[in-house]
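Raw contents of upload25.txt, compact mmCIF, C-alpha atoms and all ligand atoms:
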# COMPACT_ATOMS: atom_id res chain seq x y z
CA MET A 1 1.63 -13.38 46.84
CA LEU A 2 -0.29 -10.33 47.92
CA GLU A 3 2.43 -8.09 46.50
CA LEU A 4 2.40 -9.91 43.18
CA ASP A 5 -1.36 -9.38 42.89
CA GLN A 6 -0.90 -5.76 43.79
CA ALA A 7 1.82 -5.27 41.18
CA ARG A 8 -0.36 -6.95 38.59
CA SER A 9 -3.36 -4.75 39.30
CA GLN A 10 -1.10 -1.69 39.24
CA LEU A 11 0.09 -2.67 35.77
CA GLU A 12 -3.53 -3.17 34.78
CA SER A 13 -4.62 0.21 36.02
CA LEU A 14 -1.72 1.70 34.05
CA LYS A 15 -3.14 -0.18 31.04
CA LEU A 16 0.05 -2.21 30.70
CA LEU A 17 -2.02 -5.30 30.04
CA SER A 18 0.59 -7.44 28.32
CA ALA A 19 3.06 -6.74 31.11
CA ALA A 20 0.37 -7.65 33.66
CA ASP A 21 -0.24 -10.91 31.83
CA ILE A 22 3.37 -12.03 31.79
CA LEU A 23 4.46 -10.51 35.09
CA GLU A 24 4.47 -13.74 37.06
CA SER A 25 6.32 -15.87 34.49
CA ARG A 26 8.89 -13.15 33.78
CA LEU A 27 9.49 -12.67 37.49
CA GLN A 28 10.15 -16.35 37.82
CA GLN A 29 12.55 -16.30 34.88
CA ALA A 30 14.31 -13.25 36.29
CA THR A 31 14.87 -15.11 39.53
CA GLU A 32 16.17 -18.18 37.73
CA LYS A 33 18.48 -16.17 35.49
CA GLN A 34 19.44 -13.86 38.36
CA LEU A 35 18.59 -10.79 36.30
CA THR A 36 19.24 -7.34 37.72
CA TYR A 37 16.19 -5.22 38.58
CA VAL A 38 16.85 -3.07 35.54
CA ALA A 39 17.20 -6.05 33.20
CA PHE A 40 13.90 -7.37 34.50
CA LEU A 41 12.16 -4.07 33.82
CA VAL A 42 13.66 -3.86 30.33
CA ASP A 43 12.39 -7.37 29.65
CA LEU A 44 8.89 -6.70 30.97
CA PHE A 45 8.37 -3.30 29.34
CA GLY A 46 10.04 -4.48 26.14
CA GLU A 47 7.38 -7.15 25.81
CA GLU A 48 4.62 -4.62 26.47
CA ILE A 49 6.01 -2.35 23.75
CA ALA A 50 6.37 -5.22 21.28
CA GLN A 51 2.77 -6.32 21.87
CA ARG A 52 1.50 -2.78 21.47
CA ARG A 53 3.38 -2.35 18.23
CA LYS A 54 1.87 -5.58 16.98
CA ARG A 55 -1.66 -4.53 17.90
CA ASN A 56 -1.07 -1.14 16.34
CA ILE A 57 0.00 -2.75 13.07
CA GLN A 58 -3.01 -5.09 13.14
CA THR A 59 -5.34 -2.13 13.63
CA LYS A 60 -3.70 -0.21 10.80
CA MET A 61 -3.88 -3.33 8.66
CA ARG A 62 -7.65 -3.57 9.16
CA MET A 63 -8.12 0.12 8.48
CA ALA A 64 -6.06 -0.11 5.28
CA ARG A 65 -8.74 -2.26 3.60
CA LEU A 66 -6.29 -4.13 1.42
CA PRO A 67 -8.13 -6.33 -1.09
CA TYR A 68 -5.77 -9.22 -0.27
CA GLN A 69 -2.36 -9.81 1.26
CA LYS A 70 0.57 -10.29 -1.07
CA THR A 71 4.25 -9.60 -0.56
CA LEU A 72 7.21 -8.77 -2.74
CA THR A 73 8.78 -12.16 -2.06
CA GLU A 74 5.79 -13.68 -3.86
CA PHE A 75 6.52 -11.52 -6.89
CA ASP A 76 8.51 -13.16 -9.66
CA PHE A 77 10.75 -10.37 -10.95
CA THR A 78 12.27 -12.65 -13.59
CA PHE A 79 8.86 -12.88 -15.25
CA GLN A 80 8.66 -9.08 -15.51
CA PRO A 81 12.18 -7.87 -16.46
CA SER A 82 10.97 -4.33 -17.26
CA ILE A 83 10.63 -3.80 -13.49
CA ASP A 84 13.85 -2.74 -11.81
CA LYS A 85 13.84 -4.83 -8.63
CA LYS A 86 16.45 -2.60 -7.02
CA PHE A 87 14.16 0.36 -7.45
CA ILE A 88 11.21 -1.47 -5.87
CA ASP A 89 13.51 -2.47 -2.99
CA GLU A 90 14.41 1.20 -2.61
CA LEU A 91 10.70 2.02 -2.37
CA THR A 92 10.42 -0.39 0.57
CA THR A 93 12.63 1.96 2.59
CA MET A 94 9.58 4.27 2.51
CA ASN A 95 11.75 7.29 1.85
CA PHE A 96 9.16 8.39 -0.67
CA VAL A 97 6.62 8.59 2.16
CA ARG A 98 8.88 10.82 4.24
CA GLN A 99 9.25 13.02 1.14
CA THR A 100 5.44 12.90 0.55
CA ALA A 101 6.22 11.77 -2.99
CA ASN A 102 3.93 9.62 -5.10
CA VAL A 103 4.53 6.37 -6.93
CA VAL A 104 2.72 5.63 -10.17
CA PHE A 105 2.62 2.18 -11.74
CA LEU A 106 1.71 2.19 -15.42
CA GLY A 107 1.16 -0.82 -17.62
CA PRO A 108 -1.31 -3.14 -19.29
CA PRO A 109 -3.53 -5.53 -17.28
CA GLY A 110 -2.00 -8.43 -15.38
CA VAL A 111 1.59 -7.18 -15.14
CA GLY A 112 1.54 -6.86 -11.35
CA LYS A 113 0.63 -3.23 -10.67
CA SER A 114 -1.88 -4.08 -7.96
CA HIS A 115 0.27 -6.87 -6.52
CA ILE A 116 3.27 -4.56 -6.05
CA SER A 117 1.06 -1.78 -4.67
CA VAL A 118 -0.42 -4.16 -2.09
CA ALA A 119 3.05 -5.48 -1.25
CA LEU A 120 4.39 -1.95 -0.72
CA ALA A 121 1.35 -1.17 1.40
CA MET A 122 2.05 -4.25 3.56
CA GLU A 123 5.66 -3.20 3.94
CA ALA A 124 4.56 0.29 4.95
CA LEU A 125 2.13 -1.12 7.52
CA ALA A 126 4.89 -3.32 8.97
CA GLN A 127 6.88 -0.12 9.46
CA GLY A 128 3.95 1.51 11.26
CA ILE A 129 2.92 3.71 8.33
CA SER A 130 -0.83 4.08 7.85
CA VAL A 131 -2.35 3.12 4.51
CA TYR A 132 -5.73 3.24 2.83
CA PHE A 133 -6.43 1.21 -0.29
CA ALA A 134 -9.26 1.80 -2.74
CA THR A 135 -9.99 1.50 -6.41
CA VAL A 136 -10.57 4.84 -8.06
CA THR A 137 -14.20 3.84 -8.59
CA GLN A 138 -14.79 3.14 -4.88
CA LEU A 139 -13.03 6.34 -3.99
CA VAL A 140 -14.88 8.59 -6.38
CA GLU A 141 -18.25 7.06 -5.43
CA ASP A 142 -17.47 7.68 -1.78
CA LEU A 143 -16.55 11.29 -2.51
CA ARG A 144 -19.67 11.70 -4.65
CA ARG A 145 -21.91 10.51 -1.80
CA ALA A 146 -20.17 12.89 0.57
CA HIS A 147 -20.55 15.74 -1.92
CA HIS A 148 -24.30 15.14 -2.25
CA ALA A 149 -24.65 14.88 1.51
CA ASN A 150 -22.82 18.18 1.97
CA ARG A 151 -19.96 16.65 3.90
CA LEU A 152 -17.20 16.66 1.33
CA ASP A 153 -14.82 18.60 3.59
CA SER A 154 -14.83 16.02 6.34
CA LYS A 155 -14.57 13.22 3.78
CA MET A 156 -11.52 14.89 2.24
CA ARG A 157 -9.96 15.19 5.68
CA GLN A 158 -10.56 11.47 6.13
CA TYR A 159 -8.68 10.75 2.90
CA LEU A 160 -5.87 13.00 4.03
CA ARG A 161 -5.26 10.95 7.18
CA PRO A 162 -3.45 7.84 5.88
CA ARG A 163 0.17 8.52 5.06
CA ILE A 164 -0.19 6.40 1.93
CA LEU A 165 -3.34 6.42 -0.15
CA VAL A 166 -3.35 3.65 -2.76
CA VAL A 167 -5.59 4.41 -5.72
CA ASP A 168 -5.92 1.35 -7.90
CA GLU A 169 -7.24 0.99 -11.44
CA VAL A 170 -7.23 4.54 -12.69
CA GLY A 171 -8.27 4.38 -16.32
CA TYR A 172 -10.56 1.39 -16.61
CA LEU A 173 -13.65 3.56 -16.50
CA PRO A 174 -13.99 7.07 -17.91
CA MET A 175 -15.08 9.73 -15.44
CA ASP A 176 -18.00 12.10 -15.59
CA PRO A 177 -17.29 15.78 -14.84
CA LEU A 178 -18.18 15.58 -11.13
CA ALA A 179 -16.03 12.45 -10.64
CA ALA A 180 -13.11 14.11 -12.41
CA ASN A 181 -13.50 17.22 -10.32
CA LEU A 182 -13.66 15.26 -7.06
CA PHE A 183 -10.57 13.31 -8.01
CA PHE A 184 -8.77 16.55 -8.77
CA GLN A 185 -9.73 17.91 -5.34
CA LEU A 186 -8.44 14.76 -3.70
CA VAL A 187 -5.08 14.94 -5.48
CA SER A 188 -4.81 18.65 -4.62
CA THR A 189 -5.64 18.02 -0.97
CA ARG A 190 -2.93 15.39 -0.62
CA TYR A 191 -0.36 17.27 -2.70
CA GLU A 192 2.83 17.65 -0.61
CA ARG A 193 0.93 16.41 2.45
CA GLY A 194 0.75 12.67 1.91
CA SER A 195 1.88 10.04 -0.55
CA MET A 196 -0.22 8.26 -3.12
CA ILE A 197 0.46 5.01 -4.89
CA LEU A 198 -1.48 4.97 -8.09
CA THR A 199 -1.93 2.31 -10.75
CA SER A 200 -3.15 2.89 -14.28
CA ASN A 201 -3.45 1.00 -17.52
CA LYS A 202 -3.55 4.31 -19.41
CA SER A 203 -0.49 6.34 -20.32
CA PHE A 204 -0.57 9.96 -19.16
CA GLY A 205 -1.29 11.13 -22.70
CA ASP A 206 -4.68 9.43 -22.48
CA TRP A 207 -5.69 11.06 -19.22
CA GLY A 208 -7.33 14.02 -20.94
CA GLU A 209 -9.80 11.65 -22.53
CA LEU A 210 -10.14 9.65 -19.33
CA PHE A 211 -11.09 12.71 -17.28
CA GLY A 212 -13.08 14.19 -20.15
CA ASP A 213 -11.17 17.45 -19.79
CA SER A 214 -7.56 17.97 -20.83
CA VAL A 215 -7.07 21.10 -18.69
CA LEU A 216 -8.25 19.28 -15.58
CA ALA A 217 -6.14 16.24 -16.48
CA SER A 218 -3.05 18.46 -16.75
CA ALA A 219 -3.82 20.03 -13.38
CA ILE A 220 -4.13 16.57 -11.83
CA LEU A 221 -0.92 15.32 -13.45
CA ASP A 222 0.92 18.50 -12.51
CA ARG A 223 0.34 17.88 -8.79
CA LEU A 224 0.58 14.11 -8.96
CA LEU A 225 3.89 14.05 -10.80
CA HIS A 226 5.68 17.02 -9.21
CA HIS A 227 7.29 14.72 -6.62
CA SER A 228 6.89 11.24 -8.00
CA HIS A 229 8.40 7.98 -9.12
CA ILE A 230 6.99 6.44 -12.28
CA VAL A 231 7.30 2.72 -12.83
CA ASN A 232 6.48 1.78 -16.39
CA ILE A 233 5.79 -1.92 -16.67
CA ARG A 234 5.95 -3.35 -20.15
CA GLY A 235 5.38 -7.03 -20.43
CA GLN A 236 3.04 -9.95 -20.61
CA SER A 237 0.09 -10.54 -18.32
CA TYR A 238 0.96 -12.94 -15.53
CA ARG A 239 -2.65 -14.10 -15.59
CA LEU A 240 -2.18 -15.39 -19.13
CA LYS A 241 1.26 -16.86 -18.49
CA ASP A 242 0.25 -20.51 -18.57
CA LYS A 243 -2.14 -20.01 -21.46
CA MET A 244 0.62 -18.37 -23.47
CA LYS A 245 2.89 -21.28 -22.75
CA ALA A 246 0.20 -23.59 -24.09
CA GLY A 247 0.06 -21.46 -27.22
CA VAL A 248 -3.50 -20.27 -26.68
CA TYR A 249 -2.39 -16.64 -26.95
CA GLY A 250 0.18 -15.08 -29.19
CA THR A 251 0.65 -15.09 -32.94
CA PRO A 252 2.66 -17.47 -35.10
CA SER A 253 5.31 -14.76 -35.50
CA ASP A 254 5.60 -14.61 -31.70
CA ARG A 255 6.43 -18.26 -31.60
CA GLN A 256 8.77 -17.90 -34.53
CA THR A 257 10.95 -15.32 -32.78
CA ARG A 258 11.14 -17.48 -29.68
CA VAL A 259 12.14 -20.51 -31.69
CA ASN A 260 14.93 -18.43 -33.19
CA GLY A 261 16.13 -17.68 -29.68
CA ALA A 262 15.37 -13.97 -29.94
CA GLN A 263 13.87 -11.98 -27.09
CA PRO A 264 10.10 -12.18 -27.12
CA ARG A 265 8.87 -8.85 -28.39
CA GLU A 266 7.72 -6.34 -25.85
CA ASP A 267 4.05 -5.69 -25.38
CA VAL A 268 3.56 -2.07 -26.31
CA SER A 269 -0.14 -1.89 -25.57
CA GLY A 270 0.35 -0.04 -22.28
P1 LIG B 301 -2.43 -5.60 -12.62
O1 LIG B 301 -2.87 -4.88 -11.42
O2 LIG B 301 -1.23 -5.02 -13.29
O3 LIG B 301 -3.57 -5.79 -13.61
P2 LIG B 301 -2.10 -7.79 -10.81
O4 LIG B 301 -1.14 -7.22 -9.84
O5 LIG B 301 -3.51 -7.86 -10.39
O6 LIG B 301 -2.00 -7.08 -12.22
O7 LIG B 301 -1.59 -9.24 -11.22
C1 LIG B 301 -2.48 -10.24 -11.72
C2 LIG B 301 -2.27 -11.53 -10.96
O8 LIG B 301 -1.01 -12.08 -11.30
C3 LIG B 301 -2.24 -11.35 -9.46
O9 LIG B 301 -2.77 -12.50 -8.86
C4 LIG B 301 -0.76 -11.22 -9.14
O10 LIG B 301 -0.47 -11.65 -7.83
C5 LIG B 301 -0.14 -12.10 -10.17
N1 LIG B 301 1.15 -11.62 -10.67
C6 LIG B 301 1.37 -10.65 -11.59
N2 LIG B 301 2.66 -10.52 -11.87
C7 LIG B 301 3.31 -11.42 -11.10
C8 LIG B 301 4.68 -11.78 -10.95
N3 LIG B 301 5.66 -11.19 -11.69
N4 LIG B 301 4.99 -12.74 -10.06
C9 LIG B 301 4.01 -13.35 -9.35
N5 LIG B 301 2.70 -13.07 -9.46
C10 LIG B 301 2.33 -12.12 -10.33
MG MG B 302 -4.81 -4.30 -10.91
Could the structure of this file be written out as structure tokens, please?
Ligand code: ADP
Ligand code: MG
Amino acid sequence: MLELDQARSQLESLKLLSAADILESRLQQATEKQLTYVAFLVDLFGEEIAQRRKRNIQTKMRMARLPYQKTLTEFDFTFQPSIDKKFIDELTTMNFVRQTANVVFLGPPGVGKSHISVALAMEALAQGISVYFATVTQLVEDLRRAHHANRLDSKMRQYLRPRILVVDEVGYLPMDPLAANLFFQLVSTRYERGSMILTSNKSFGDWGELFGDSVLASAILDRLLHHSHIVNIRGQSYRLKDKMKAGVYGTPSDRQTRVNGAQPREDVSG
């Protein structure tokens, strides 16, 4: 017994806490199963590594600040046929992260841009890839505070750390010159150094107006799109799905085409 206690406290002083916890039960199992010494060690350390990986993912998950947890299996691709499921599956390999490429989801409200971004972020986290999620408004306000407090450099370094930076809802609010400039600096800082996943309800042609400066908008787009995947989502809002079924939304001609068995017309507003 003395030796067991000693082994346990050795594991503890080596900070192998999970191994220390399970040492006694795994020793017992090893005896029962007549494991070799090596097999026992593989079992014990394997559990330590698995627990560490799990804790690591949980920590990264907290740091990612996801607004909610949603996965791709919860996404109904049949509702949104303009999204190529195979392409989204390809994104889950996270090759784009290794290539420090960006992914941009464009489309009108409610088509699943944020949902898919969160789901990709969760997949990345499960693969041990660090993520930070923010709306563009949160992000720009954070940068603005840092700018006024004379600590923009360290703030930018902070935003450079996660391997994926998700910037949600670009385009809902127009930006003042300082906000636009700070956003440009952020995109420049991450250019070819880390990936961004970005969602916008505005097509790129409208970004000049959005940033209040077409030259700046081009400079942002130039860096953002150099290595990028664009996913254009054209379709109906999932939020309004049930209301549309009940006929609350849509025009008589909409219903007419469906009655005739034609494809419902595509929403071109995004
Ligand atoms: P967007 O960011 O494009 O405005 P969201 O991703 O926020 O849209 O989607 C709106 C709501 O509808 C969310 O609750 C989302 O989970 C859900 N949703 C959207 N599209 C789908 C879909 N195809 N299948 C399942 N849920 C969806
Ligand atoms: Mg959204």
Which polymer residues have any atom within 6 Å of an atom of region 59-67 of chain A, counting all atoms listed in the file, with same-chain residues fewer than 2 positions away left out, as an mmCIF file with C-alpha atoms, in the frame of the given file?
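As written to disk, around-v3.cif reads:
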data_model
loop_
_atom_site.group_PDB
_atom_site.id
_atom_site.type_symbol
_atom_site.label_atom_id
_atom_site.label_comp_id
_atom_site.auth_asym_id
_atom_site.auth_seq_id
_atom_site.Cartn_x
_atom_site.Cartn_y
_atom_site.Cartn_z
ATOM 1 C CA ASN A 56 -1.070 -1.140 16.340
ATOM 2 C CA ILE A 57 0.000 -2.750 13.070
ATOM 3 C CA SER A 130 -0.830 4.080 7.850
ATOM 4 C CA VAL A 131 -2.350 3.120 4.510
ATOM 5 C CA TYR A 132 -5.730 3.240 2.830
ATOM 6 C CA PHE A 133 -6.430 1.210 -0.290
#
| field | Contacts with ligand LIG 301 (chain B) at most 9 Å, all atoms listed in the file counted, listed as a PyMOL selection string | value | chain A and resi 70-81+105-118+168-169+199-201+233+236-241
| query | So, counting all atoms listed in the file, which residue among A:Gln10, A:Asn232, A:Thr135, A:Ser18 is closest to ligand MG 302 (chain B)? | reply | A:Thr135
| field | Long-range neighbours of region 208-225 of chain A as a list of chain:residue names, 9 Å cut-off, only C-alpha atoms, 4 positions minimum in chain | value |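 With the cut-off at 9 Å, the set is A:Ala101, A:Asn102, A:Val103, A:Val104, A:Val170, A:Gly171, A:Tyr172, A:Leu173, A:Pro174, A:Met175, A:Asp176, A:Pro177, A:Ala179, A:Ala180, A:Asn181, A:Phe183, A:Phe184, A:Gln185, A:Val187, A:Ser188, A:Tyr191, A:Glu192, A:Met196, A:Lys202, A:Phe204, A:His229, A:Ile230.
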| What does the distance between CA of Arg53 (chain A) and CA of Gly128 (chain A) come to in Å, to one decimal place? | 8.0 Å
| CA of Val42 (chain A) to CA of Leu2 (chain A): how many Å, to one decimal? |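 Straight-line distance from CA of Val42 (chain A) to CA of Leu2 (chain A) works out to 23.4 Å.
Distances to ligand MG 302 (chain B) were evaluated for A:Val166, A:Glu141, A:Gln34, A:Ile49 using all atoms listed in the file, and the minimum falls at A:Val166.
Between CA of Lys155 (chain A) and CA of Ala134 (chain A) the interatomic distance comes to 14.2 Å.
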| query | Which protein, DNA or RNA residues have an atom at most 8 Å from (3.4, 12.5, -0.8), counting only C-alpha atoms? List them as a PyMOL selection string. | reply | chain A and resi 96-102+163-164+190-196+227
| task | Please identify all polymer residues within 12 Å of Glu24 (chain A), counting all atoms listed in the file, omitting same-chain residues fewer than 5 positions from it, and present them as a count of residues only. | result | 15
| field | Using all atoms listed in the file: which of A:Leu178, A:Val136, A:Asp21, A:Gln158 has the shortest distance to ligand MG 302 (chain B) | value |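 So, comparing all the options, the nearest one is A:Val136.
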| said: Taking 2 positions as the minimum chain separation for residues in the same chain, which residues sit within 8 Å of Glu48 (chain A) when counting only C-alpha atoms? Answer as a ChimeraX atom specification. | reply: /A:16-19,44-46,50-52
| query | Which is closest to Leu125 (chain A) among A:Arg145, A:Ser82, A:Glu90, A:Gln58, if we use all atoms listed in the file? | reply |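 Nearest candidate to Leu125 (chain A) out of A:Arg145, A:Ser82, A:Glu90, A:Gln58: A:Gln58.
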| Taking (9.0, 2.1, 2.3) in the file's coordinates as the center, which residues reach within 8 Å of it, counting all atoms listed in the file, put as a count of residues only? | 12
| message | Ranking A:Val167, A:His226, A:Asp242, A:Leu182 by minimum distance to Leu198 (chain A) and counting all atoms listed in the file, which one comes first? | response |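 Checking each candidate against Leu198 (chain A), we get A:Val167 as the closest.
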Is there a way to complete region 220-234 of chain A with N, CA, C and O atoms and then write that out as an mmCIF file, in the coordinates of the input?
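The resulting file, selection_2.cif, is shown below:
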data_model
loop_
_atom_site.group_PDB
_atom_site.id
_atom_site.type_symbol
_atom_site.label_atom_id
_atom_site.label_comp_id
_atom_site.auth_asym_id
_atom_site.auth_seq_id
_atom_site.Cartn_x
_atom_site.Cartn_y
_atom_site.Cartn_z
ATOM 1 N N ILE A 220 -4.294 17.759 -12.675
ATOM 2 C CA ILE A 220 -4.130 16.570 -11.830
ATOM 3 C C ILE A 220 -2.705 16.038 -11.963
ATOM 4 O O ILE A 220 -2.006 15.819 -10.961
ATOM 5 N N LEU A 221 -2.257 15.885 -13.210
ATOM 6 C CA LEU A 221 -0.920 15.320 -13.450
ATOM 7 C C LEU A 221 0.168 16.222 -12.888
ATOM 8 O O LEU A 221 1.173 15.745 -12.348
ATOM 9 N N ASP A 222 -0.034 17.527 -13.019
ATOM 10 C CA ASP A 222 0.920 18.500 -12.510
ATOM 11 C C ASP A 222 1.230 18.257 -11.039
ATOM 12 O O ASP A 222 2.383 18.173 -10.618
ATOM 13 N N ARG A 223 0.172 18.090 -10.242
ATOM 14 C CA ARG A 223 0.340 17.880 -8.790
ATOM 15 C C ARG A 223 0.835 16.458 -8.493
ATOM 16 O O ARG A 223 1.709 16.263 -7.650
ATOM 17 N N LEU A 224 0.247 15.517 -9.211
ATOM 18 C CA LEU A 224 0.580 14.110 -8.960
ATOM 19 C C LEU A 224 2.054 13.822 -9.252
ATOM 20 O O LEU A 224 2.717 13.083 -8.530
ATOM 21 N N LEU A 225 2.557 14.426 -10.328
ATOM 22 C CA LEU A 225 3.890 14.050 -10.800
ATOM 23 C C LEU A 225 5.003 14.956 -10.315
ATOM 24 O O LEU A 225 6.175 14.656 -10.524
ATOM 25 N N HIS A 226 4.642 16.078 -9.662
ATOM 26 C CA HIS A 226 5.680 17.020 -9.210
ATOM 27 C C HIS A 226 6.758 16.314 -8.386
ATOM 28 O O HIS A 226 7.939 16.441 -8.642
ATOM 29 N N HIS A 227 6.336 15.567 -7.370
ATOM 30 C CA HIS A 227 7.290 14.720 -6.620
ATOM 31 C C HIS A 227 6.816 13.283 -6.811
ATOM 32 O O HIS A 227 5.864 12.855 -6.147
ATOM 33 N N SER A 228 7.434 12.575 -7.717
ATOM 34 C CA SER A 228 6.890 11.240 -8.000
ATOM 35 C C SER A 228 7.930 10.297 -8.586
ATOM 36 O O SER A 228 8.963 10.720 -9.089
ATOM 37 N N HIS A 229 7.615 9.029 -8.472
ATOM 38 C CA HIS A 229 8.400 7.980 -9.120
ATOM 39 C C HIS A 229 7.446 7.240 -10.060
ATOM 40 O O HIS A 229 6.376 6.808 -9.626
ATOM 41 N N ILE A 230 7.845 7.122 -11.296
ATOM 42 C CA ILE A 230 6.990 6.440 -12.280
ATOM 43 C C ILE A 230 7.605 5.085 -12.587
ATOM 44 O O ILE A 230 8.792 5.003 -12.897
ATOM 45 N N VAL A 231 6.814 4.051 -12.464
ATOM 46 C CA VAL A 231 7.300 2.720 -12.830
ATOM 47 C C VAL A 231 6.471 2.231 -14.014
ATOM 48 O O VAL A 231 5.281 1.959 -13.894
ATOM 49 N N ASN A 232 7.134 2.201 -15.156
ATOM 50 C CA ASN A 232 6.480 1.780 -16.390
ATOM 51 C C ASN A 232 6.691 0.291 -16.564
ATOM 52 O O ASN A 232 7.819 -0.152 -16.738
ATOM 53 N N ILE A 233 5.626 -0.473 -16.528
ATOM 54 C CA ILE A 233 5.790 -1.920 -16.670
ATOM 55 C C ILE A 233 5.358 -2.324 -18.080
ATOM 56 O O ILE A 233 4.221 -2.077 -18.479
ATOM 57 N N ARG A 234 6.285 -2.895 -18.809
ATOM 58 C CA ARG A 234 5.950 -3.350 -20.150
ATOM 59 C C ARG A 234 6.201 -4.839 -20.190
ATOM 60 O O ARG A 234 7.324 -5.290 -19.975
#
